[in-house]
Structure formats: structure tokens, C-alpha cells
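Visitor: Sharing protein_12.tsv, TSV, C-alpha atoms:
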chain	number	residue	atom	x	y	z
A	21	MET	CA	-32.68	-14.75	-15.09
A	22	SER	CA	-29.84	-12.44	-15.93
A	23	GLU	CA	-26.55	-13.96	-17.03
A	24	HIS	CA	-24.63	-11.04	-15.53
A	25	HIS	CA	-23.77	-10.92	-11.86
A	26	VAL	CA	-22.28	-8.62	-9.24
A	27	GLU	CA	-21.62	-9.25	-5.57
A	28	PHE	CA	-22.53	-6.33	-3.32
A	29	TRP	CA	-20.49	-6.47	-0.11
A	30	PHE	CA	-21.86	-4.16	2.57
A	31	GLU	CA	-21.62	-3.52	6.29
A	32	PHE	CA	-24.50	-1.93	8.19
A	33	ALA	CA	-22.11	0.42	10.02
A	34	SER	CA	-20.73	1.75	6.73
A	35	THR	CA	-22.04	5.19	5.84
A	36	TYR	CA	-21.54	5.04	2.07
A	37	SER	CA	-23.16	1.59	1.99
A	38	TYR	CA	-26.42	3.45	2.69
A	39	PRO	CA	-26.71	5.27	-0.68
A	40	ALA	CA	-25.27	2.19	-2.42
A	41	ALA	CA	-27.94	-0.09	-0.91
A	42	MET	CA	-30.67	2.35	-1.88
A	43	ARG	CA	-29.39	2.78	-5.46
A	44	ILE	CA	-28.22	-0.66	-6.51
A	45	GLY	CA	-31.63	-2.23	-7.18
A	46	ALA	CA	-32.78	0.13	-9.93
A	47	LEU	CA	-29.32	0.53	-11.48
A	48	ALA	CA	-28.82	-3.24	-11.67
A	49	ARG	CA	-32.29	-3.81	-13.15
A	50	GLU	CA	-31.61	-1.21	-15.88
A	51	ARG	CA	-28.50	-3.18	-16.88
A	52	HIS	CA	-30.04	-6.66	-16.37
A	53	VAL	CA	-27.47	-7.50	-13.73
A	54	ALA	CA	-28.32	-9.90	-10.90
A	55	VAL	CA	-27.00	-8.71	-7.54
A	56	ARG	CA	-25.99	-10.99	-4.70
A	57	TRP	CA	-26.11	-9.07	-1.42
A	58	ARG	CA	-23.26	-10.06	0.92
A	59	PRO	CA	-23.44	-8.61	4.45
A	60	PHE	CA	-20.13	-8.72	6.32
A	61	LEU	CA	-18.36	-7.08	9.26
A	62	LEU	CA	-15.61	-4.52	8.83
A	63	GLY	CA	-14.57	-4.71	12.50
A	64	PRO	CA	-12.22	-7.71	12.10
A	65	ILE	CA	-10.68	-6.20	8.94
A	66	PHE	CA	-10.12	-2.83	10.66
A	67	LYS	CA	-8.72	-4.56	13.75
A	68	ALA	CA	-6.23	-6.47	11.59
A	69	GLN	CA	-4.80	-3.15	10.38
A	70	GLY	CA	-4.62	-1.70	13.86
A	71	TRP	CA	-7.88	0.27	14.06
A	72	GLY	CA	-10.12	-0.17	17.10
A	73	THR	CA	-12.94	1.90	15.61
A	74	SER	CA	-13.96	3.49	12.30
A	75	PRO	CA	-11.13	5.38	10.56
A	76	PHE	CA	-13.64	8.26	10.35
A	77	ASN	CA	-13.44	8.51	14.14
A	78	ILE	CA	-9.64	8.05	14.26
A	79	TYR	CA	-8.86	10.66	11.57
A	80	ALA	CA	-10.89	13.73	12.51
A	81	ALA	CA	-10.52	15.78	9.30
A	82	LYS	CA	-11.50	12.78	7.20
A	83	GLY	CA	-14.47	12.10	9.47
A	84	ARG	CA	-15.74	15.69	9.30
A	85	TYR	CA	-15.42	15.59	5.54
A	86	MET	CA	-17.22	12.25	5.23
A	87	TRP	CA	-20.32	13.41	7.11
A	88	ARG	CA	-20.62	16.55	4.99
A	89	ASP	CA	-19.96	14.63	1.78
A	90	LEU	CA	-22.51	11.95	2.70
A	91	GLU	CA	-25.08	14.66	3.42
A	92	ARG	CA	-24.42	16.30	0.02
A	93	THR	CA	-24.58	12.89	-1.68
A	94	CYS	CA	-27.94	12.08	-0.08
A	95	ILE	CA	-29.39	15.50	-0.94
A	96	ALA	CA	-28.27	15.12	-4.56
A	97	ILE	CA	-30.20	11.85	-4.96
A	98	GLY	CA	-33.17	12.77	-2.77
A	99	LEU	CA	-32.37	10.38	0.07
A	100	PRO	CA	-33.27	11.35	3.66
A	101	PHE	CA	-30.22	11.82	5.88
A	102	VAL	CA	-29.93	12.22	9.65
A	103	LYS	CA	-26.51	11.77	11.24
A	104	PRO	CA	-26.85	9.06	13.92
A	105	ALA	CA	-25.68	9.95	17.43
A	106	VAL	CA	-23.95	6.55	17.70
A	107	PHE	CA	-21.20	5.81	15.17
A	108	PRO	CA	-20.14	3.22	14.32
A	109	GLN	CA	-23.03	1.05	15.47
A	110	ASN	CA	-22.95	-2.55	16.65
A	111	THR	CA	-24.08	-4.44	13.57
A	112	LEU	CA	-23.57	-8.03	14.69
A	113	LEU	CA	-27.23	-8.93	15.27
A	114	ALA	CA	-28.43	-7.00	12.20
A	115	SER	CA	-25.89	-8.82	10.02
A	116	ARG	CA	-26.93	-12.23	11.33
A	117	VAL	CA	-30.61	-11.44	10.82
A	118	ALA	CA	-29.81	-10.21	7.30
A	119	LEU	CA	-28.10	-13.50	6.41
A	120	LEU	CA	-31.18	-15.36	7.60
A	121	ALA	CA	-33.52	-13.01	5.75
A	122	PHE	CA	-31.64	-13.58	2.49
A	123	GLU	CA	-31.98	-17.34	2.94
A	124	GLN	CA	-35.74	-16.73	3.23
A	125	GLY	CA	-35.84	-14.42	0.19
A	126	ARG	CA	-36.63	-11.26	2.17
A	127	GLY	CA	-33.16	-9.89	2.65
A	128	GLU	CA	-33.20	-6.79	0.48
A	129	ASP	CA	-36.24	-5.22	2.12
A	130	PHE	CA	-34.77	-5.84	5.55
A	131	CYS	CA	-31.41	-4.32	4.61
A	132	ARG	CA	-32.94	-1.24	3.06
A	133	ALA	CA	-35.15	-0.78	6.15
A	134	VAL	CA	-32.09	-1.04	8.43
A	135	TYR	CA	-30.19	1.58	6.43
A	136	ALA	CA	-33.24	3.87	6.27
A	137	ALA	CA	-33.57	3.72	10.07
A	138	GLU	CA	-29.84	4.20	10.72
A	139	PHE	CA	-28.90	6.95	8.29
A	140	GLY	CA	-32.28	8.21	7.08
A	141	GLU	CA	-33.65	8.68	10.64
A	142	GLY	CA	-30.48	8.57	12.76
A	143	ARG	CA	-31.62	5.56	14.88
A	144	ASP	CA	-29.36	3.05	16.60
A	145	ILE	CA	-29.82	-0.25	14.82
A	146	GLY	CA	-27.45	-1.84	17.36
A	147	GLU	CA	-30.47	-1.89	19.72
A	148	PRO	CA	-32.34	-5.21	19.37
A	149	GLU	CA	-35.64	-3.37	20.05
A	150	MET	CA	-35.02	-1.15	17.01
A	151	LEU	CA	-34.35	-4.19	14.84
A	152	ALA	CA	-37.45	-5.90	16.22
A	153	ALA	CA	-39.55	-2.86	15.27
A	154	ILE	CA	-38.13	-2.97	11.75
A	155	LEU	CA	-38.94	-6.68	11.43
A	156	ARG	CA	-42.48	-6.21	12.75
A	157	ARG	CA	-43.08	-3.41	10.23
A	158	LEU	CA	-42.03	-5.90	7.52
A	159	GLY	CA	-44.58	-8.37	8.90
A	160	GLN	CA	-41.99	-10.74	10.31
A	161	ASP	CA	-41.70	-12.58	13.62
A	162	ALA	CA	-38.82	-10.80	15.37
A	163	ASP	CA	-38.54	-13.19	18.33
A	164	ARG	CA	-38.30	-16.25	16.12
A	165	LEU	CA	-35.75	-14.60	13.79
A	166	PHE	CA	-33.59	-13.41	16.71
A	167	ALA	CA	-33.52	-16.95	18.11
A	168	GLN	CA	-32.53	-18.38	14.72
A	169	ALA	CA	-29.96	-15.61	14.21
A	170	GLN	CA	-28.14	-16.67	17.38
A	171	SER	CA	-27.79	-20.26	16.16
A	172	ASP	CA	-24.33	-21.68	15.58
A	173	ALA	CA	-25.14	-22.16	11.90
A	174	VAL	CA	-25.76	-18.43	11.36
A	175	LYS	CA	-22.76	-17.42	13.49
A	176	VAL	CA	-20.52	-19.63	11.37
A	177	LEU	CA	-22.12	-18.33	8.17
A	178	LEU	CA	-21.30	-14.72	9.09
A	179	ARG	CA	-17.76	-15.61	10.11
A	180	THR	CA	-17.28	-17.35	6.77
A	181	GLN	CA	-18.57	-14.27	4.92
A	182	CYS	CA	-16.01	-12.10	6.71
A	183	GLU	CA	-13.17	-14.48	5.87
A	184	GLU	CA	-14.26	-14.55	2.24
A	185	ALA	CA	-14.32	-10.75	2.15
A	186	GLN	CA	-10.74	-10.62	3.36
A	187	LYS	CA	-9.66	-13.23	0.80
A	188	LEU	CA	-11.23	-11.11	-1.95
A	189	GLY	CA	-9.03	-8.19	-0.87
A	190	ILE	CA	-11.95	-6.21	0.54
A	191	PHE	CA	-10.83	-3.46	2.94
A	192	GLY	CA	-13.90	-1.22	3.09
A	193	ALA	CA	-17.59	-0.99	2.24
A	194	PRO	CA	-19.47	-0.91	0.03
A	195	SER	CA	-17.45	-3.12	-2.29
A	196	PHE	CA	-18.53	-4.76	-5.51
A	197	VAL	CA	-16.99	-7.89	-7.02
A	198	THR	CA	-17.56	-9.10	-10.57
A	199	PRO	CA	-17.30	-12.79	-11.62
A	200	ASP	CA	-13.89	-12.16	-13.23
A	201	GLY	CA	-12.56	-11.08	-9.83
A	202	GLU	CA	-12.50	-7.30	-10.29
A	203	LEU	CA	-12.99	-5.37	-7.06
A	204	PHE	CA	-14.65	-1.94	-6.94
A	205	TRP	CA	-14.79	0.07	-3.73
A	206	GLY	CA	-17.24	2.75	-2.73
A	207	ASN	CA	-20.66	4.09	-3.63
A	208	ASP	CA	-18.86	6.09	-6.34
A	209	ARG	CA	-17.92	2.85	-8.13
A	210	LEU	CA	-21.40	1.28	-8.17
A	211	GLU	CA	-22.18	2.21	-11.78
A	212	THR	CA	-18.64	1.32	-12.89
A	213	ALA	CA	-18.93	-2.15	-11.32
A	214	LEU	CA	-22.33	-2.82	-12.92
A	215	ASP	CA	-21.08	-1.61	-16.30
A	216	TRP	CA	-18.02	-3.86	-15.92
A	217	ALA	CA	-20.28	-6.87	-15.29
A	218	VAL	CA	-22.10	-6.45	-18.62
A	219	ARG	CA	-19.21	-5.39	-20.81
B	19	MET	CA	-12.83	36.28	-16.91
B	20	SER	CA	-15.12	33.79	-15.28
B	21	GLU	CA	-16.95	34.80	-12.13
B	22	HIS	CA	-16.90	31.22	-10.87
B	23	HIS	CA	-13.88	29.78	-9.12
B	24	VAL	CA	-12.52	26.52	-7.76
B	25	GLU	CA	-9.25	25.83	-5.98
B	26	PHE	CA	-7.52	22.63	-7.09
B	27	TRP	CA	-5.28	21.34	-4.31
B	28	PHE	CA	-2.89	18.67	-5.54
B	29	GLU	CA	0.29	16.87	-4.50
B	30	PHE	CA	2.67	15.44	-7.10
B	31	ALA	CA	3.00	12.19	-5.13
B	32	SER	CA	-0.79	11.66	-5.19
B	33	THR	CA	-1.90	9.03	-7.67
B	34	TYR	CA	-5.47	10.22	-8.20
B	35	SER	CA	-4.23	13.80	-8.65
B	36	TYR	CA	-2.87	12.58	-11.99
B	37	PRO	CA	-6.23	11.99	-13.74
B	38	ALA	CA	-7.65	15.06	-11.96
B	39	ALA	CA	-4.84	17.30	-13.28
B	40	MET	CA	-5.32	15.94	-16.79
B	41	ARG	CA	-9.13	16.35	-16.74
B	42	ILE	CA	-9.72	19.61	-14.88
B	43	GLY	CA	-8.81	22.02	-17.70
B	44	ALA	CA	-11.45	20.94	-20.22
B	45	LEU	CA	-14.15	20.27	-17.61
B	46	ALA	CA	-13.66	23.72	-16.05
B	47	ARG	CA	-13.70	25.46	-19.44
B	48	GLU	CA	-17.00	23.75	-20.36
B	49	ARG	CA	-18.54	25.20	-17.19
B	50	HIS	CA	-16.77	28.59	-17.38
B	51	VAL	CA	-15.05	28.00	-14.06
B	52	ALA	CA	-11.65	29.53	-13.34
B	53	VAL	CA	-9.28	27.11	-11.58
B	54	ARG	CA	-6.56	28.13	-9.19
B	55	TRP	CA	-3.95	25.36	-9.00
B	56	ARG	CA	-2.58	24.94	-5.46
B	57	PRO	CA	0.37	22.54	-5.09
B	58	PHE	CA	0.97	21.36	-1.55
B	59	LEU	CA	2.66	18.54	0.38
B	60	LEU	CA	0.75	15.70	1.99
B	61	GLY	CA	3.78	14.52	3.99
B	62	PRO	CA	3.27	16.91	6.95
B	63	ILE	CA	-0.48	16.13	7.03
B	64	PHE	CA	0.15	12.38	6.97
B	65	LYS	CA	2.87	12.71	9.61
B	66	ALA	CA	0.46	14.61	11.88
B	67	GLN	CA	-1.86	11.60	11.85
B	68	GLY	CA	0.93	9.13	12.51
B	69	TRP	CA	1.79	7.97	8.99
B	70	GLY	CA	5.44	7.93	7.91
B	71	THR	CA	4.60	7.09	4.29
B	72	SER	CA	1.58	6.86	1.98
B	73	PRO	CA	-1.41	5.02	3.50
B	74	PHE	CA	-1.38	2.98	0.27
B	75	ASN	CA	1.96	1.53	1.40
B	76	ILE	CA	0.86	1.09	5.03
B	77	TYR	CA	-2.43	-0.66	4.22
B	78	ALA	CA	-1.55	-3.35	1.68
B	79	ALA	CA	-5.06	-4.35	0.52
B	80	LYS	CA	-5.97	-0.70	-0.04
B	81	GLY	CA	-2.72	-0.12	-1.91
B	82	ARG	CA	-3.22	-3.11	-4.22
B	83	TYR	CA	-6.75	-1.93	-4.92
B	84	MET	CA	-5.68	1.64	-5.62
B	85	TRP	CA	-3.14	0.68	-8.29
B	86	ARG	CA	-5.67	-1.51	-10.11
B	87	ASP	CA	-8.39	1.11	-9.78
B	88	LEU	CA	-6.08	3.85	-11.03
B	89	GLU	CA	-5.14	1.69	-14.02
B	90	ARG	CA	-8.83	1.07	-14.83
B	91	THR	CA	-9.56	4.79	-14.40
B	92	CYS	CA	-6.77	5.78	-16.80
B	93	ILE	CA	-7.80	3.19	-19.40
B	94	ALA	CA	-11.42	4.41	-19.22
B	95	ILE	CA	-10.38	7.98	-20.10
B	96	GLY	CA	-7.56	7.10	-22.50
B	97	LEU	CA	-4.73	8.28	-20.26
B	98	PRO	CA	-1.35	6.47	-20.40
B	99	PHE	CA	-0.48	4.71	-17.16
B	100	VAL	CA	2.76	3.11	-15.99
B	101	LYS	CA	3.12	2.29	-12.30
B	102	PRO	CA	6.27	4.04	-11.05
B	103	ALA	CA	8.88	1.87	-9.31
B	104	VAL	CA	9.28	4.55	-6.62
B	105	PHE	CA	6.19	5.43	-4.57
B	106	PRO	CA	5.60	7.84	-3.04
B	107	GLN	CA	8.15	10.12	-4.69
B	108	ASN	CA	10.00	13.07	-3.19
B	109	THR	CA	7.99	16.03	-4.48
B	110	LEU	CA	9.63	18.90	-2.60
B	111	LEU	CA	11.61	20.35	-5.51
B	112	ALA	CA	8.81	19.77	-8.04
B	113	SER	CA	6.35	21.56	-5.76
B	114	ARG	CA	8.65	24.55	-5.30
B	115	VAL	CA	9.27	24.79	-9.04
B	116	ALA	CA	5.51	24.54	-9.64
B	117	LEU	CA	4.84	27.48	-7.32
B	118	LEU	CA	7.41	29.53	-9.22
B	119	ALA	CA	6.02	28.44	-12.57
B	120	PHE	CA	2.51	29.53	-11.60
B	121	GLU	CA	3.87	32.96	-10.63
B	122	GLN	CA	5.29	33.14	-14.14
B	123	GLY	CA	2.04	31.96	-15.78
B	124	ARG	CA	3.42	28.60	-16.93
B	125	GLY	CA	2.37	26.42	-14.06
B	126	GLU	CA	-0.28	24.23	-15.63
B	127	ASP	CA	1.93	22.94	-18.46
B	128	PHE	CA	4.69	22.14	-15.98
B	129	CYS	CA	2.33	20.27	-13.64
B	130	ARG	CA	0.77	18.23	-16.41
B	131	ALA	CA	4.24	17.35	-17.72
B	132	VAL	CA	5.32	16.23	-14.23
B	133	TYR	CA	2.25	14.00	-13.85
B	134	ALA	CA	2.67	12.59	-17.37
B	135	ALA	CA	6.28	11.63	-16.59
B	136	GLU	CA	5.48	10.18	-13.16
B	137	PHE	CA	2.31	8.17	-13.79
B	138	GLY	CA	2.11	8.11	-17.60
B	139	GLU	CA	5.72	6.90	-18.03
B	140	GLY	CA	6.58	5.66	-14.53
B	141	ARG	CA	9.57	8.02	-14.07
B	142	ASP	CA	10.92	9.32	-10.77
B	143	ILE	CA	10.18	13.04	-10.66
B	144	GLY	CA	12.04	13.20	-7.33
B	145	GLU	CA	15.23	13.17	-9.43
B	146	PRO	CA	16.31	16.77	-10.22
B	147	GLU	CA	17.64	15.57	-13.60
B	148	MET	CA	14.17	14.32	-14.54
B	149	LEU	CA	12.63	17.66	-13.59
B	150	ALA	CA	15.35	19.50	-15.51
B	151	ALA	CA	14.53	17.45	-18.63
B	152	ILE	CA	10.84	18.32	-18.25
B	153	LEU	CA	11.67	22.02	-17.93
B	154	ARG	CA	13.98	21.97	-20.95
B	155	ARG	CA	11.28	20.29	-23.03
B	156	LEU	CA	9.01	23.18	-22.04
B	157	GLY	CA	11.68	25.62	-23.23
B	158	GLN	CA	12.60	26.80	-19.76
B	159	ASP	CA	15.93	27.43	-18.03
B	160	ALA	CA	16.13	24.60	-15.49
B	161	ASP	CA	19.27	25.86	-13.70
B	162	ARG	CA	17.82	29.32	-13.13
B	163	LEU	CA	14.47	27.94	-11.95
B	164	PHE	CA	16.11	25.45	-9.56
B	165	ALA	CA	18.15	28.28	-8.01
B	166	GLN	CA	15.04	30.43	-7.59
B	167	ALA	CA	13.06	27.44	-6.26
B	168	GLN	CA	15.56	27.06	-3.39
B	169	SER	CA	15.13	30.68	-2.29
B	170	ASP	CA	13.70	31.43	1.14
B	171	ALA	CA	10.74	33.18	-0.47
B	172	VAL	CA	9.64	30.03	-2.31
B	173	LYS	CA	10.31	27.79	0.68
B	174	VAL	CA	8.09	30.00	2.84
B	175	LEU	CA	5.45	30.11	0.11
B	176	LEU	CA	5.22	26.31	0.00
B	177	ARG	CA	5.12	26.05	3.78
B	178	THR	CA	2.29	28.59	3.84
B	179	GLN	CA	0.35	26.58	1.22
B	180	CYS	CA	0.63	23.47	3.38
B	181	GLU	CA	-0.60	25.31	6.46
B	182	GLU	CA	-3.52	26.73	4.50
B	183	ALA	CA	-4.42	23.24	3.24
B	184	GLN	CA	-4.58	21.97	6.80
B	185	LYS	CA	-6.71	24.95	7.88
B	186	LEU	CA	-9.14	24.16	5.06
B	187	GLY	CA	-9.55	20.64	6.46
B	188	ILE	CA	-7.69	19.01	3.58
B	189	PHE	CA	-6.50	15.49	4.42
B	190	GLY	CA	-5.80	14.05	0.96
B	191	ALA	CA	-5.36	14.90	-2.69
B	192	PRO	CA	-6.73	15.90	-5.03
B	193	SER	CA	-9.06	18.23	-3.16
B	194	PHE	CA	-11.27	20.98	-4.51
B	195	VAL	CA	-12.48	24.00	-2.56
B	196	THR	CA	-15.25	26.34	-3.67
B	197	PRO	CA	-15.47	30.02	-2.58
B	198	ASP	CA	-18.27	29.18	-0.12
B	199	GLY	CA	-15.87	26.85	1.71
B	200	GLU	CA	-17.15	23.48	0.47
B	201	LEU	CA	-14.46	20.80	0.31
B	202	PHE	CA	-14.53	17.96	-2.22
B	203	TRP	CA	-12.02	15.13	-2.09
B	204	GLY	CA	-10.84	12.88	-4.88
B	205	ASN	CA	-10.76	12.67	-8.65
B	206	ASP	CA	-14.30	11.25	-8.36
B	207	ARG	CA	-15.53	14.59	-7.00
B	208	LEU	CA	-14.04	16.82	-9.71
B	209	GLU	CA	-17.25	17.25	-11.69
B	210	THR	CA	-19.31	17.65	-8.49
B	211	ALA	CA	-17.01	20.44	-7.26
B	212	LEU	CA	-17.14	22.30	-10.59
B	213	ASP	CA	-20.92	21.95	-10.73
B	214	TRP	CA	-21.14	23.23	-7.16
B	215	ALA	CA	-19.12	26.33	-8.11
B	216	VAL	CA	-21.63	27.35	-10.80
B	217	ARG	CA	-24.88	26.38	-9.11
What would you get if you wrote out this structure as C-alpha cells?

Guide:
Amino acid sequence: MSEHHVEFWFEFASTYSYPAAMRIGALARERHVAVRWRPFLLGPIFKAQGWGTSPFNIYAAKGRYMWRDLERTCIAIGLPFVKPAVFPQNTLLASRVALLAFEQGRGEDFCRAVYAAEFGEGRDIGEPEMLAAILRRLGQDADRLFAQAQSDAVKVLLRTQCEEAQKLGIFGAPSFVTPDGELFWGNDRLETALDWAVR
Amino acid sequence: MSEHHVEFWFEFASTYSYPAAMRIGALARERHVAVRWRPFLLGPIFKAQGWGTSPFNIYAAKGRYMWRDLERTCIAIGLPFVKPAVFPQNTLLASRVALLAFEQGRGEDFCRAVYAAEFGEGRDIGEPEMLAAILRRLGQDADRLFAQAQSDAVKVLLRTQCEEAQKLGIFGAPSFVTPDGELFWGNDRLETALDWAVR
């Protein structure tokens, strides 16, 4: 096992979490850094600062820029990109299923498949049927996982994650946290965060 | 003369414009890209989206992060950094003087000196006396430049710059615009913008 660690805080509705989720595996392996994936919800954090939706929807110029920049970013690294019709998407069920999947050691594949569907194909992963299709493709029992995901234990687990994110000073996604408490925000800081962890 | 061009839109109050202003010269020369420096004011753009001050002051977690991230960024590239007591600073006079200085072919040195004072030494470049000291160090006649900077011609010039920035979809600084109309935002996109200009 690696002695170096980074926490990868992501939200399924976050656009730049998509390239980060697709890139972090190989980049962390190269540097012998162990990554702990931490799904959380940005909604409560945004609400606390007065936003009822994504700032990319509230601030039009910034939103237009973000979609073009994300497209350029994906092209540059050879990642498929289709702008989803629904944005931001309801990520509550996906986040709960992800927490479960990580407990069962299958979290990363599920998360990457969710991001690929949402931003690589433009699907709505807020639809339970879409999530069920993703789980079936991964050979998993969607009905059983959905039932477990709605348990009080998983609901509390996700709420606790969100509270921890806020305590860490996280205000956006993706964010990376190193064991010495340094916070790095954005897909652009992925390499910097990993390099910090091994320095 | 280079056949490749990039516009560098910056605001003296913008923290990440500091490393961008200090880095752009060498990076552009390496790629044979000519840079047109375009000072503008973010205040009117922020006001139009309901902000009375910098979003880094409005959103505390984001502000705390930015100062730490800026410090790390400066350390990584060997740039002095002192957090100024006043933020954001009044950049109206500095921006008008910069426009004049560019017309006289001495703009870049002035802008770098302003940024070095503001974020390298933590001074308040909203103070005319501070700006006068910078101009004198550059061997220029501060009194004459201040008088010219308050002329209607320069006032209109700055207002026109700000309107053009908004038309280009600029919502923050630094921003880079290539002749084919691509917009790149942030010190993190400096290399990408220059590479785009020569591709």
C-alpha cells in the first residue's frame, strides 16, 4: 500500500469533476498516491451562500464560458463530451449508491460510469432507470442496491460527508485534500494536489 | 513581428492577474506570440451581476481558499507574495495611467511594477502617492501623467475597454482572447491560450 494519500471530493452534478474522475486513477498510480473517493452534495453548500441552483446557471457569462472550456478540456484529453440537456442534475440517489458501492469495493467503476453517462453521453443520471441501467451493465443488482441506498444508515452517511466537506472549507468540486490539511480546488489542481501529497 | 496574437485582459485588483502578468512575457516570447495588454475594470461587471465587492469577500470559504492558493502559486514560481491589507483596491487611476502608458510604449513595465507593489509587497496601489512613487522609479513624470490620465479622452478610453470586455463575454480576470474569438479565463489557462493562438 502507498503511504501517500489524497482525498478526492466530488459531486456528480459538477462538470469539472468529470475530467478529474477520469484522470485521477492513472495520475495517482504514477505517483504511488492512494486516493479516497468522497462523494458529497454541493446543493447544501450553495444554498448556504444564497444560491438555489448552480452558479453556472445564475451567472450566464460564466456558464457559457464553462461549457466551452469543458468541451475544450475534454477534447484536449480525448474524453467524449455531450452537454446534458438537464443541468444541474439530481444526484441524491447516485451519491447514496456511490457511498454503498465504495463500501463494497466497487465505487470507482460506478462513479466513472455515472460521469461517462452524464457528460460523455449527455444522459440524465437523476433518473433512477438510468442509474439502474448503469448498475446492470456493471453486473450489479440495481433493485437491491436502491433499497439499501434508501436506508437510514446511508442517508446519515451522506449527510455526514456533506458536513465534513463544509468543515474542510470545501466550496466547490472537484476538491482535493491532503493529510496535512491543504485544500486544492478544481480539475486544474489535480496534479498539484497529488504532487503535494508526495513532496 | 509575430503573426500570432493574444489579448491579455487584466484588472489591477485581480489577484490571479498578478502571476499572469509576471509570466506572460516569457511564455509568449517562447511561442512567438504578440500580446496586447488590455486593462479593464471588473467593478461594473461584478455590479451587473449583483456583487458590490469582490466575490472573494462575499463568499468567505472561497476567499480563504484563494489567498492560500495564490500564496502556493507564487511560491511554486518564485514570485514574492504579501497579502495586501486592502482588498479589493481602487484601481481606477492605475488603470487610466496604464492605458496612457501603453500608448507611450511603456505600459508593460508600469503594470508589472503595480502588481509587484500590490501583491509582492502588499501595498495599496489605490493611493495616488504609491502610484506616483512607482512612476518616479520608472523615470516618469507622475504629475504630468496623472493630469493626462484624468482627461476625458482617457476616461472614455477606459469605459470603452470595459464595454468591449463585457461584449467579449469576459466575467473575470485574467482573461485571454485569441483572434478567432476563443476566451480563456484564469492564470491556469495562460499556457493553453498561448498554445491555442499558434496551433

Visitor: For the interface of chain A with chain B (cut-off 8 Å, counting all atoms listed in the file), please tabulate each contacting residue of chain A alongside its nearest pair of atoms and their separation in Å to one decimal, rows sorted by chain and increasing number, as a Markdown table.

Guide:
| residue | atom | partner | partner_atom | distance |
| --- | --- | --- | --- | --- |
| A:Gln69 | CA | B:Tyr77 | CA | 7.1 |
| A:Tyr79 | CA | B:Gln67 | CA | 7.1 |
| A:Ala81 | CA | B:Gly187 | CA | 5.7 |
| A:Lys82 | CA | B:Phe189 | CA | 6.3 |
| A:Tyr85 | CA | B:Leu201 | CA | 7.4 |
| A:Asp89 | CA | B:Phe202 | CA | 7.5 |
| A:Gly189 | CA | B:Ala79 | CA | 5.7 |
| A:Ile190 | CA | B:Ala79 | CA | 7.1 |
| A:Phe191 | CA | B:Ala79 | CA | 6.3 |
| A:Leu203 | CA | B:Tyr83 | CA | 7.4 |
| A:Phe204 | CA | B:Asp87 | CA | 7.5 |
| A:Asp208 | CA | B:Asp206 | CA | 7.2 |

Visitor: Restricting the calculation to all atoms listed in the file: of A:Phe32, A:Trp57, A:Phe66, A:Phe139, which residue gets closest to A:Thr111?

Guide: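 Selected residue with least distance to A:Thr111: A:Phe32.
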
Visitor: Would you please work out which residue, of B:Met40, B:Leu208, B:Cys180, B:Val115, is nearest to B:Gly96 when using all atoms listed in the file?

Guide: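 Of B:Met40, B:Leu208, B:Cys180, B:Val115, the one nearest B:Gly96 is B:Met40, counting all atoms listed in the file.
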
Visitor: Do a neighbour search on stretch 167-179 of chain B at 7 Å with all atoms listed in the file, toss out local chain neighbours closer than 3 positions, and write the hits as a CSV table (one decimal) with C-alpha atoms, keeping the file's coordinate frame.

Guide:
chain,number,residue,atom,x,y,z
B,58,PHE,CA,1.0,21.4,-1.6
B,114,ARG,CA,8.6,24.6,-5.3
B,115,VAL,CA,9.3,24.8,-9.0
B,118,LEU,CA,7.4,29.5,-9.2
B,163,LEU,CA,14.5,27.9,-12.0
B,164,PHE,CA,16.1,25.4,-9.6
B,182,GLU,CA,-3.5,26.7,4.5
B,183,ALA,CA,-4.4,23.2,3.2

Visitor: Only C-alpha atoms needed: put stretch 93-141 of chain B from the block into a file as a short mmCIF file (atom, residue, chain, number, x, y, z; two decimals), in the first residue's frame.

Guide:
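Okay, selection12.cif is ready:
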data_model
loop_
_atom_site.label_atom_id
_atom_site.label_comp_id
_atom_site.auth_asym_id
_atom_site.auth_seq_id
_atom_site.Cartn_x
_atom_site.Cartn_y
_atom_site.Cartn_z
CA ILE B 93 5.90 30.14 -4.04
CA ALA B 94 5.86 27.49 -6.79
CA ILE B 95 7.08 30.02 -9.39
CA GLY B 96 9.36 32.02 -7.10
CA LEU B 97 7.23 35.17 -7.05
CA PRO B 98 7.18 37.33 -3.89
CA PHE B 99 3.78 37.43 -2.22
CA VAL B 100 2.44 39.62 0.58
CA LYS B 101 -1.31 39.71 1.14
CA PRO B 102 -2.41 43.36 0.94
CA ALA B 103 -4.37 44.76 3.89
CA VAL B 104 -6.78 46.44 1.47
CA PHE B 105 -8.72 44.18 -0.91
CA PRO B 106 -10.01 44.82 -3.45
CA GLN B 107 -8.16 48.06 -4.15
CA ASN B 108 -9.37 51.12 -6.03
CA THR B 109 -7.78 50.64 -9.46
CA LEU B 110 -9.39 53.49 -11.40
CA LEU B 111 -6.36 55.79 -11.52
CA ALA B 112 -3.88 52.94 -12.07
CA SER B 113 -5.97 51.66 -14.99
CA ARG B 114 -6.15 55.09 -16.61
CA VAL B 115 -2.40 55.61 -16.20
CA ALA B 116 -1.81 52.13 -17.66
CA LEU B 117 -3.83 52.97 -20.77
CA LEU B 118 -1.74 56.11 -21.23
CA ALA B 119 1.49 54.24 -20.61
CA PHE B 120 0.64 51.67 -23.28
CA GLU B 121 0.00 54.48 -25.76
CA GLN B 122 3.51 55.68 -24.96
CA GLY B 123 5.05 52.20 -25.26
CA ARG B 124 5.86 51.84 -21.56
CA GLY B 125 2.79 50.02 -20.37
CA GLU B 126 4.16 46.60 -19.51
CA ASP B 127 6.84 47.86 -17.11
CA PHE B 128 4.27 50.04 -15.35
CA CYS B 129 1.78 47.19 -14.99
CA ARG B 130 4.34 44.75 -13.66
CA ALA B 131 5.54 47.38 -11.17
CA VAL B 132 1.95 47.97 -9.99
CA TYR B 133 1.38 44.24 -9.47
CA ALA B 134 4.74 43.82 -7.72
CA ALA B 135 3.84 46.62 -5.28
CA GLU B 136 0.30 45.39 -4.67
CA PHE B 137 0.75 41.62 -4.29
CA GLY B 138 4.53 41.27 -3.99
CA GLU B 139 4.83 43.91 -1.23
CA GLY B 140 1.21 44.24 -0.04
CA ARG B 141 0.97 47.99 -0.80
#
